[in-house]
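Structure below is target_34.cif: mmCIF, C-alpha atoms; chains and numbers go by the auth columns.
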```cif
data_model
#
loop_
_atom_site.group_PDB
_atom_site.id
_atom_site.type_symbol
_atom_site.label_atom_id
_atom_site.label_comp_id
_atom_site.label_asym_id
_atom_site.label_seq_id
_atom_site.Cartn_x
_atom_site.Cartn_y
_atom_site.Cartn_z
_atom_site.B_iso_or_equiv
_atom_site.auth_seq_id
_atom_site.auth_asym_id
ATOM 1 C CA MET A 1 0.000 0.000 0.000 0.00 1 A
ATOM 2 C CA LYS A 2 2.844 2.394 0.872 0.00 2 A
ATOM 3 C CA ASN A 3 4.510 1.639 -2.463 0.00 3 A
ATOM 4 C CA LEU A 4 1.295 2.456 -4.334 0.00 4 A
ATOM 5 C CA ILE A 5 0.946 5.812 -2.571 0.00 5 A
ATOM 6 C CA LEU A 6 4.613 6.600 -3.260 0.00 6 A
ATOM 7 C CA LEU A 7 4.175 5.673 -6.932 0.00 7 A
ATOM 8 C CA ILE A 8 1.139 7.959 -7.236 0.00 8 A
ATOM 9 C CA LEU A 9 2.993 10.869 -5.600 0.00 9 A
ATOM 10 C CA VAL A 10 6.067 10.466 -7.806 0.00 10 A
ATOM 11 C CA THR A 11 3.896 10.233 -10.924 0.00 11 A
ATOM 12 C CA ALA A 12 2.001 13.383 -9.952 0.00 12 A
ATOM 13 C CA LEU A 13 5.271 15.264 -9.412 0.00 13 A
ATOM 14 C CA LEU A 14 6.688 14.165 -12.758 0.00 14 A
ATOM 15 C CA LEU A 15 3.532 15.121 -14.625 0.00 15 A
ATOM 16 C CA GLY A 16 3.505 18.533 -12.956 0.00 16 A
ATOM 17 C CA CYS A 17 6.996 19.474 -14.161 0.00 17 A
ATOM 18 C CA ASN A 18 7.236 22.220 -16.783 0.00 18 A
ATOM 19 C CA ASN A 19 8.951 21.505 -20.087 0.00 19 A
ATOM 20 C CA ASP A 20 9.783 24.675 -22.050 0.00 20 A
ATOM 21 C CA THR A 21 10.605 22.730 -25.201 0.00 21 A
ATOM 22 C CA ILE A 22 6.895 22.139 -25.672 0.00 22 A
ATOM 23 C CA ARG A 23 6.147 25.840 -25.299 0.00 23 A
ATOM 24 C CA ASN A 24 8.899 26.795 -27.765 0.00 24 A
ATOM 25 C CA ASN A 25 8.298 24.059 -30.338 0.00 25 A
ATOM 26 C CA ASN A 26 8.602 26.145 -33.507 0.00 26 A
ATOM 27 C CA PRO A 27 9.563 24.449 -36.798 0.00 27 A
ATOM 28 C CA TYR A 28 11.035 27.617 -38.330 0.00 28 A
ATOM 29 C CA ILE A 29 13.308 29.102 -35.690 0.00 29 A
ATOM 30 C CA PRO A 30 15.861 26.929 -33.867 0.00 30 A
ATOM 31 C CA SER A 31 16.286 27.255 -30.114 0.00 31 A
ATOM 32 C CA TYR A 32 19.859 28.073 -29.129 0.00 32 A
ATOM 33 C CA GLY A 33 21.098 28.417 -25.585 0.00 33 A
ATOM 34 C CA PHE A 34 22.688 31.775 -24.755 0.00 34 A
ATOM 35 C CA SER A 35 23.109 34.274 -21.937 0.00 35 A
ATOM 36 C CA TYR A 36 23.606 37.974 -22.597 0.00 36 A
ATOM 37 C CA ILE A 37 23.932 40.796 -20.076 0.00 37 A
ATOM 38 C CA ILE A 38 22.548 44.137 -21.250 0.00 38 A
ATOM 39 C CA ASN A 39 23.923 47.322 -19.726 0.00 39 A
ATOM 40 C CA LEU A 40 20.898 49.619 -19.473 0.00 40 A
ATOM 41 C CA ASN A 41 23.165 52.679 -19.418 0.00 41 A
ATOM 42 C CA LEU A 42 24.394 51.768 -22.921 0.00 42 A
ATOM 43 C CA ASN A 43 20.890 50.884 -24.155 0.00 43 A
ATOM 44 C CA GLY A 44 19.102 54.026 -23.030 0.00 44 A
ATOM 45 C CA GLY A 45 15.855 53.047 -24.732 0.00 45 A
ATOM 46 C CA LEU A 46 15.372 50.346 -22.114 0.00 46 A
ATOM 47 C CA LYS A 47 15.326 52.891 -19.302 0.00 47 A
ATOM 48 C CA SER A 48 11.834 54.002 -20.401 0.00 48 A
ATOM 49 C CA PRO A 49 8.775 51.732 -20.227 0.00 49 A
ATOM 50 C CA ILE A 50 7.109 50.566 -23.442 0.00 50 A
ATOM 51 C CA ASN A 51 10.031 51.485 -25.681 0.00 51 A
ATOM 52 C CA PRO A 52 11.121 48.306 -27.503 0.00 52 A
ATOM 53 C CA VAL A 53 14.758 47.991 -28.514 0.00 53 A
ATOM 54 C CA SER A 54 16.206 45.650 -31.152 0.00 54 A
ATOM 55 C CA ILE A 55 19.458 44.057 -29.992 0.00 55 A
ATOM 56 C CA THR A 56 21.851 41.591 -31.607 0.00 56 A
ATOM 57 C CA GLU A 57 23.956 39.729 -29.057 0.00 57 A
ATOM 58 C CA PRO A 58 27.567 38.757 -29.957 0.00 58 A
ATOM 59 C CA SER A 59 26.771 35.256 -31.271 0.00 59 A
ATOM 60 C CA GLY A 60 24.226 36.740 -33.705 0.00 60 A
ATOM 61 C CA ILE A 61 20.935 36.127 -31.904 0.00 61 A
ATOM 62 C CA ASN A 62 18.502 38.943 -32.693 0.00 62 A
ATOM 63 C CA MET A 63 16.018 39.955 -30.035 0.00 63 A
ATOM 64 C CA ILE A 64 13.515 42.617 -29.130 0.00 64 A
ATOM 65 C CA VAL A 65 13.580 43.716 -25.484 0.00 65 A
ATOM 66 C CA ILE A 66 10.913 45.883 -23.891 0.00 66 A
ATOM 67 C CA LYS A 67 10.658 47.308 -20.385 0.00 67 A
ATOM 68 C CA VAL A 68 7.210 46.989 -18.818 0.00 68 A
ATOM 69 C CA SER A 69 8.170 48.154 -15.313 0.00 69 A
ATOM 70 C CA ASP A 70 11.324 48.413 -13.187 0.00 70 A
ATOM 71 C CA SER A 71 11.123 44.721 -12.377 0.00 71 A
ATOM 72 C CA ASP A 72 9.475 43.421 -15.571 0.00 72 A
ATOM 73 C CA TYR A 73 11.229 43.182 -18.930 0.00 73 A
ATOM 74 C CA ARG A 74 10.152 41.017 -21.886 0.00 74 A
ATOM 75 C CA ALA A 75 12.491 39.656 -24.547 0.00 75 A
ATOM 76 C CA TRP A 76 11.529 37.928 -27.783 0.00 76 A
ATOM 77 C CA ASN A 77 13.323 36.441 -30.755 0.00 77 A
ATOM 78 C CA ALA A 78 13.291 39.200 -33.399 0.00 78 A
ATOM 79 C CA ASN A 79 12.413 36.936 -36.337 0.00 79 A
ATOM 80 C CA CYS A 80 8.859 36.283 -37.473 0.00 80 A
ATOM 81 C CA PRO A 81 7.980 32.889 -35.949 0.00 81 A
ATOM 82 C CA ASN A 82 5.747 31.861 -38.856 0.00 82 A
ATOM 83 C CA HIS A 83 8.371 31.248 -41.546 0.00 83 A
ATOM 84 C CA THR A 84 12.056 30.558 -42.021 0.00 84 A
ATOM 85 C CA PRO A 85 14.268 33.591 -41.329 0.00 85 A
ATOM 86 C CA SER A 86 14.828 35.666 -44.458 0.00 86 A
ATOM 87 C CA SER A 87 15.579 39.248 -45.452 0.00 87 A
ATOM 88 C CA CYS A 88 11.992 40.341 -44.748 0.00 88 A
ATOM 89 C CA SER A 89 11.360 38.271 -41.606 0.00 89 A
ATOM 90 C CA ARG A 90 13.065 40.595 -39.110 0.00 90 A
ATOM 91 C CA LEU A 91 10.377 42.089 -36.894 0.00 91 A
ATOM 92 C CA ILE A 92 9.993 45.850 -36.807 0.00 92 A
ATOM 93 C CA PRO A 93 9.061 47.008 -33.275 0.00 93 A
ATOM 94 C CA ASN A 94 6.681 49.908 -32.701 0.00 94 A
ATOM 95 C CA SER A 95 5.410 50.718 -29.207 0.00 95 A
ATOM 96 C CA THR A 96 3.780 47.506 -27.934 0.00 96 A
ATOM 97 C CA THR A 97 3.729 45.644 -31.256 0.00 97 A
ATOM 98 C CA ALA A 98 6.165 44.220 -33.783 0.00 98 A
ATOM 99 C CA LYS A 99 5.383 43.678 -37.440 0.00 99 A
ATOM 100 C CA CYS A 100 6.749 41.206 -39.986 0.00 100 A
ATOM 101 C CA SER A 101 7.106 42.850 -43.381 0.00 101 A
ATOM 102 C CA CYS A 102 6.848 39.517 -45.268 0.00 102 A
ATOM 103 C CA GLU A 103 3.126 38.922 -44.630 0.00 103 A
ATOM 104 C CA ASN A 104 2.267 41.871 -42.366 0.00 104 A
ATOM 105 C CA TYR A 105 1.801 39.587 -39.374 0.00 105 A
ATOM 106 C CA GLU A 106 1.657 41.657 -36.190 0.00 106 A
ATOM 107 C CA TYR A 107 2.585 40.521 -32.659 0.00 107 A
ATOM 108 C CA ASN A 108 1.955 42.006 -29.224 0.00 108 A
ATOM 109 C CA LEU A 109 5.264 42.613 -27.421 0.00 109 A
ATOM 110 C CA LEU A 110 3.638 42.257 -24.001 0.00 110 A
ATOM 111 C CA THR A 111 2.069 38.833 -24.632 0.00 111 A
ATOM 112 C CA GLY A 112 3.827 37.472 -27.730 0.00 112 A
ATOM 113 C CA VAL A 113 0.492 36.697 -29.382 0.00 113 A
ATOM 114 C CA GLY A 114 -0.077 37.651 -32.993 0.00 114 A
ATOM 115 C CA ASN A 115 -2.431 37.117 -35.900 0.00 115 A
ATOM 116 C CA ALA A 116 -0.663 33.984 -37.181 0.00 116 A
ATOM 117 C CA GLN A 117 -0.247 30.349 -36.130 0.00 117 A
ATOM 118 C CA TYR A 118 2.881 30.658 -33.955 0.00 118 A
ATOM 119 C CA THR A 119 3.484 33.174 -31.170 0.00 119 A
ATOM 120 C CA LEU A 120 6.723 35.060 -30.639 0.00 120 A
ATOM 121 C CA ILE A 121 9.531 32.986 -29.159 0.00 121 A
ATOM 122 C CA PRO A 122 10.146 34.244 -25.614 0.00 122 A
ATOM 123 C CA TYR A 123 13.477 34.555 -23.858 0.00 123 A
ATOM 124 C CA ARG A 124 13.894 34.660 -20.104 0.00 124 A
ATOM 125 C CA VAL A 125 14.898 37.948 -18.482 0.00 125 A
ATOM 126 C CA GLU A 126 16.522 38.398 -15.084 0.00 126 A
ATOM 127 C CA VAL A 127 16.898 41.860 -13.541 0.00 127 A
ATOM 128 C CA LEU A 128 20.424 41.950 -12.113 0.00 128 A
ATOM 129 C CA SER A 129 20.462 45.556 -10.909 0.00 129 A
ATOM 130 C CA SER A 130 18.995 48.942 -11.751 0.00 130 A
ATOM 131 C CA ASN A 131 21.574 49.145 -14.561 0.00 131 A
ATOM 132 C CA SER A 132 21.651 45.646 -16.025 0.00 132 A
ATOM 133 C CA ILE A 133 19.486 42.720 -17.072 0.00 133 A
ATOM 134 C CA ARG A 134 20.339 39.254 -18.333 0.00 134 A
ATOM 135 C CA VAL A 135 18.490 37.776 -21.298 0.00 135 A
ATOM 136 C CA TYR A 136 18.922 34.029 -21.729 0.00 136 A
ATOM 137 C CA ASN A 137 17.471 30.884 -23.203 0.00 137 A
#
```

Spit out the file's structure as structure tokens when you get a sec.
Amino acid sequence: MKNLILLILVTALLLGCNNDTIRNNNPYIPSYGFSYIINLNLNGGLKSPINPVSITEPSGINMIVIKVSDSDYRAWNANCPNHTPSSCSRLIPNSTTAKCSCENYEYNLLTGVGNAQYTLIPYRVEVLSSNSIRVYN
């Protein structure tokens, strides 16, 4: 009886674990691991809320970062998630949205949701201090 209860508890714990690969399962844009620290003093646009900034980190990963509040930043892959990266697939940020010039798909930079099948690919953001954040995958 004890073994059955233990088995049920372990199964419940395993089923409750979060797997980000399911959330980020996009056939067009590969998922690469990276970690990039952004100095907010050098990227002045990120000092103001709702002012998206396009950034390319040293290994070539393009992202859009937006400040929502002092403790809340959002970062997204800067390529349209609904087709293979190309010359027209780079998202153009504007206030709280970003637009793909290939098909005019538009995405909300606060939620990642757009008017196409796949949502924006999110990156994690950690606030390190009042002058720096870390964006990573």

Straight-line distance linking CA of Arg90 in chain A with CA of Ser71 in chain A, stated in Å to one decimal: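 The value is 27.1 Å.
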
Name every residue that the PyMOL selection byres ((chain A and resi 78-81) around 7) selects in this structure, writing the answer as JSON, numbers by chain with chains first and numbers rising. {"A": [28, 29, 62, 63, 64, 76, 77, 82, 83, 85, 89, 90, 91, 100, 118, 119, 120, 121]}

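Pairwise distance (CA of Phe34 in chain A, CA of Ile55 in chain A) equals 13.7 Å.
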
Evaluate the PyMOL selection byres ((chain A and resi 65) around 12) against this structure - the residues, as number ranges by chain, please. A: 36, 38, 40, 43-57, 62-64, 66-68, 72-78, 91, 93-98, 109-110, 112, 122-125, 133-136

Could those selected residues go to a file with C-alpha atoms, as an mmCIF file, in the frame of the given file?
```cif
data_model
loop_
_atom_site.group_PDB
_atom_site.id
_atom_site.type_symbol
_atom_site.label_atom_id
_atom_site.label_comp_id
_atom_site.auth_asym_id
_atom_site.auth_seq_id
_atom_site.Cartn_x
_atom_site.Cartn_y
_atom_site.Cartn_z
ATOM 1 C CA TYR A 36 23.606 37.974 -22.597
ATOM 2 C CA ILE A 38 22.548 44.137 -21.250
ATOM 3 C CA LEU A 40 20.898 49.619 -19.473
ATOM 4 C CA ASN A 43 20.890 50.884 -24.155
ATOM 5 C CA GLY A 44 19.102 54.026 -23.030
ATOM 6 C CA GLY A 45 15.855 53.047 -24.732
ATOM 7 C CA LEU A 46 15.372 50.346 -22.114
ATOM 8 C CA LYS A 47 15.326 52.891 -19.302
ATOM 9 C CA SER A 48 11.834 54.002 -20.401
ATOM 10 C CA PRO A 49 8.775 51.732 -20.227
ATOM 11 C CA ILE A 50 7.109 50.566 -23.442
ATOM 12 C CA ASN A 51 10.031 51.485 -25.681
ATOM 13 C CA PRO A 52 11.121 48.306 -27.503
ATOM 14 C CA VAL A 53 14.758 47.991 -28.514
ATOM 15 C CA SER A 54 16.206 45.650 -31.152
ATOM 16 C CA ILE A 55 19.458 44.057 -29.992
ATOM 17 C CA THR A 56 21.851 41.591 -31.607
ATOM 18 C CA GLU A 57 23.956 39.729 -29.057
ATOM 19 C CA ASN A 62 18.502 38.943 -32.693
ATOM 20 C CA MET A 63 16.018 39.955 -30.035
ATOM 21 C CA ILE A 64 13.515 42.617 -29.130
ATOM 22 C CA ILE A 66 10.913 45.883 -23.891
ATOM 23 C CA LYS A 67 10.658 47.308 -20.385
ATOM 24 C CA VAL A 68 7.210 46.989 -18.818
ATOM 25 C CA ASP A 72 9.475 43.421 -15.571
ATOM 26 C CA TYR A 73 11.229 43.182 -18.930
ATOM 27 C CA ARG A 74 10.152 41.017 -21.886
ATOM 28 C CA ALA A 75 12.491 39.656 -24.547
ATOM 29 C CA TRP A 76 11.529 37.928 -27.783
ATOM 30 C CA ASN A 77 13.323 36.441 -30.755
ATOM 31 C CA ALA A 78 13.291 39.200 -33.399
ATOM 32 C CA LEU A 91 10.377 42.089 -36.894
ATOM 33 C CA PRO A 93 9.061 47.008 -33.275
ATOM 34 C CA ASN A 94 6.681 49.908 -32.701
ATOM 35 C CA SER A 95 5.410 50.718 -29.207
ATOM 36 C CA THR A 96 3.780 47.506 -27.934
ATOM 37 C CA THR A 97 3.729 45.644 -31.256
ATOM 38 C CA ALA A 98 6.165 44.220 -33.783
ATOM 39 C CA LEU A 109 5.264 42.613 -27.421
ATOM 40 C CA LEU A 110 3.638 42.257 -24.001
ATOM 41 C CA GLY A 112 3.827 37.472 -27.730
ATOM 42 C CA PRO A 122 10.146 34.244 -25.614
ATOM 43 C CA TYR A 123 13.477 34.555 -23.858
ATOM 44 C CA ARG A 124 13.894 34.660 -20.104
ATOM 45 C CA VAL A 125 14.898 37.948 -18.482
ATOM 46 C CA ILE A 133 19.486 42.720 -17.072
ATOM 47 C CA ARG A 134 20.339 39.254 -18.333
ATOM 48 C CA VAL A 135 18.490 37.776 -21.298
ATOM 49 C CA TYR A 136 18.922 34.029 -21.729
#
```

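Checking A:Asn3, A:Asn131, A:Asn104, A:Ser59 one by one against Ala116 in chain A, counting only C-alpha atoms, you find the shortest gap at A:Asn104.
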
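Distance cut-off 9 Å, centre (3.2, 24.8, -33.8), atoms counted all atoms listed in the file; the residues meeting this are A:Asn24, A:Asn25, A:Asn26, A:Pro27, A:Gln117, A:Tyr118, A:Thr119.
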
Using the selection just defined, write its residues with C-alpha atoms as a CSV table (one decimal), keeping the file's coordinate frame.
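Everything below was put into part31.csv:
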```csv
chain,number,residue,atom,x,y,z
A,24,ASN,CA,8.9,26.8,-27.8
A,25,ASN,CA,8.3,24.1,-30.3
A,26,ASN,CA,8.6,26.1,-33.5
A,27,PRO,CA,9.6,24.4,-36.8
A,117,GLN,CA,-0.2,30.3,-36.1
A,118,TYR,CA,2.9,30.7,-34.0
A,119,THR,CA,3.5,33.2,-31.2
```

For CA of Val113 in chain A and CA of Ser132 in chain A, the interatomic separation in Å (one decimal):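 So the answer is 26.6 Å.
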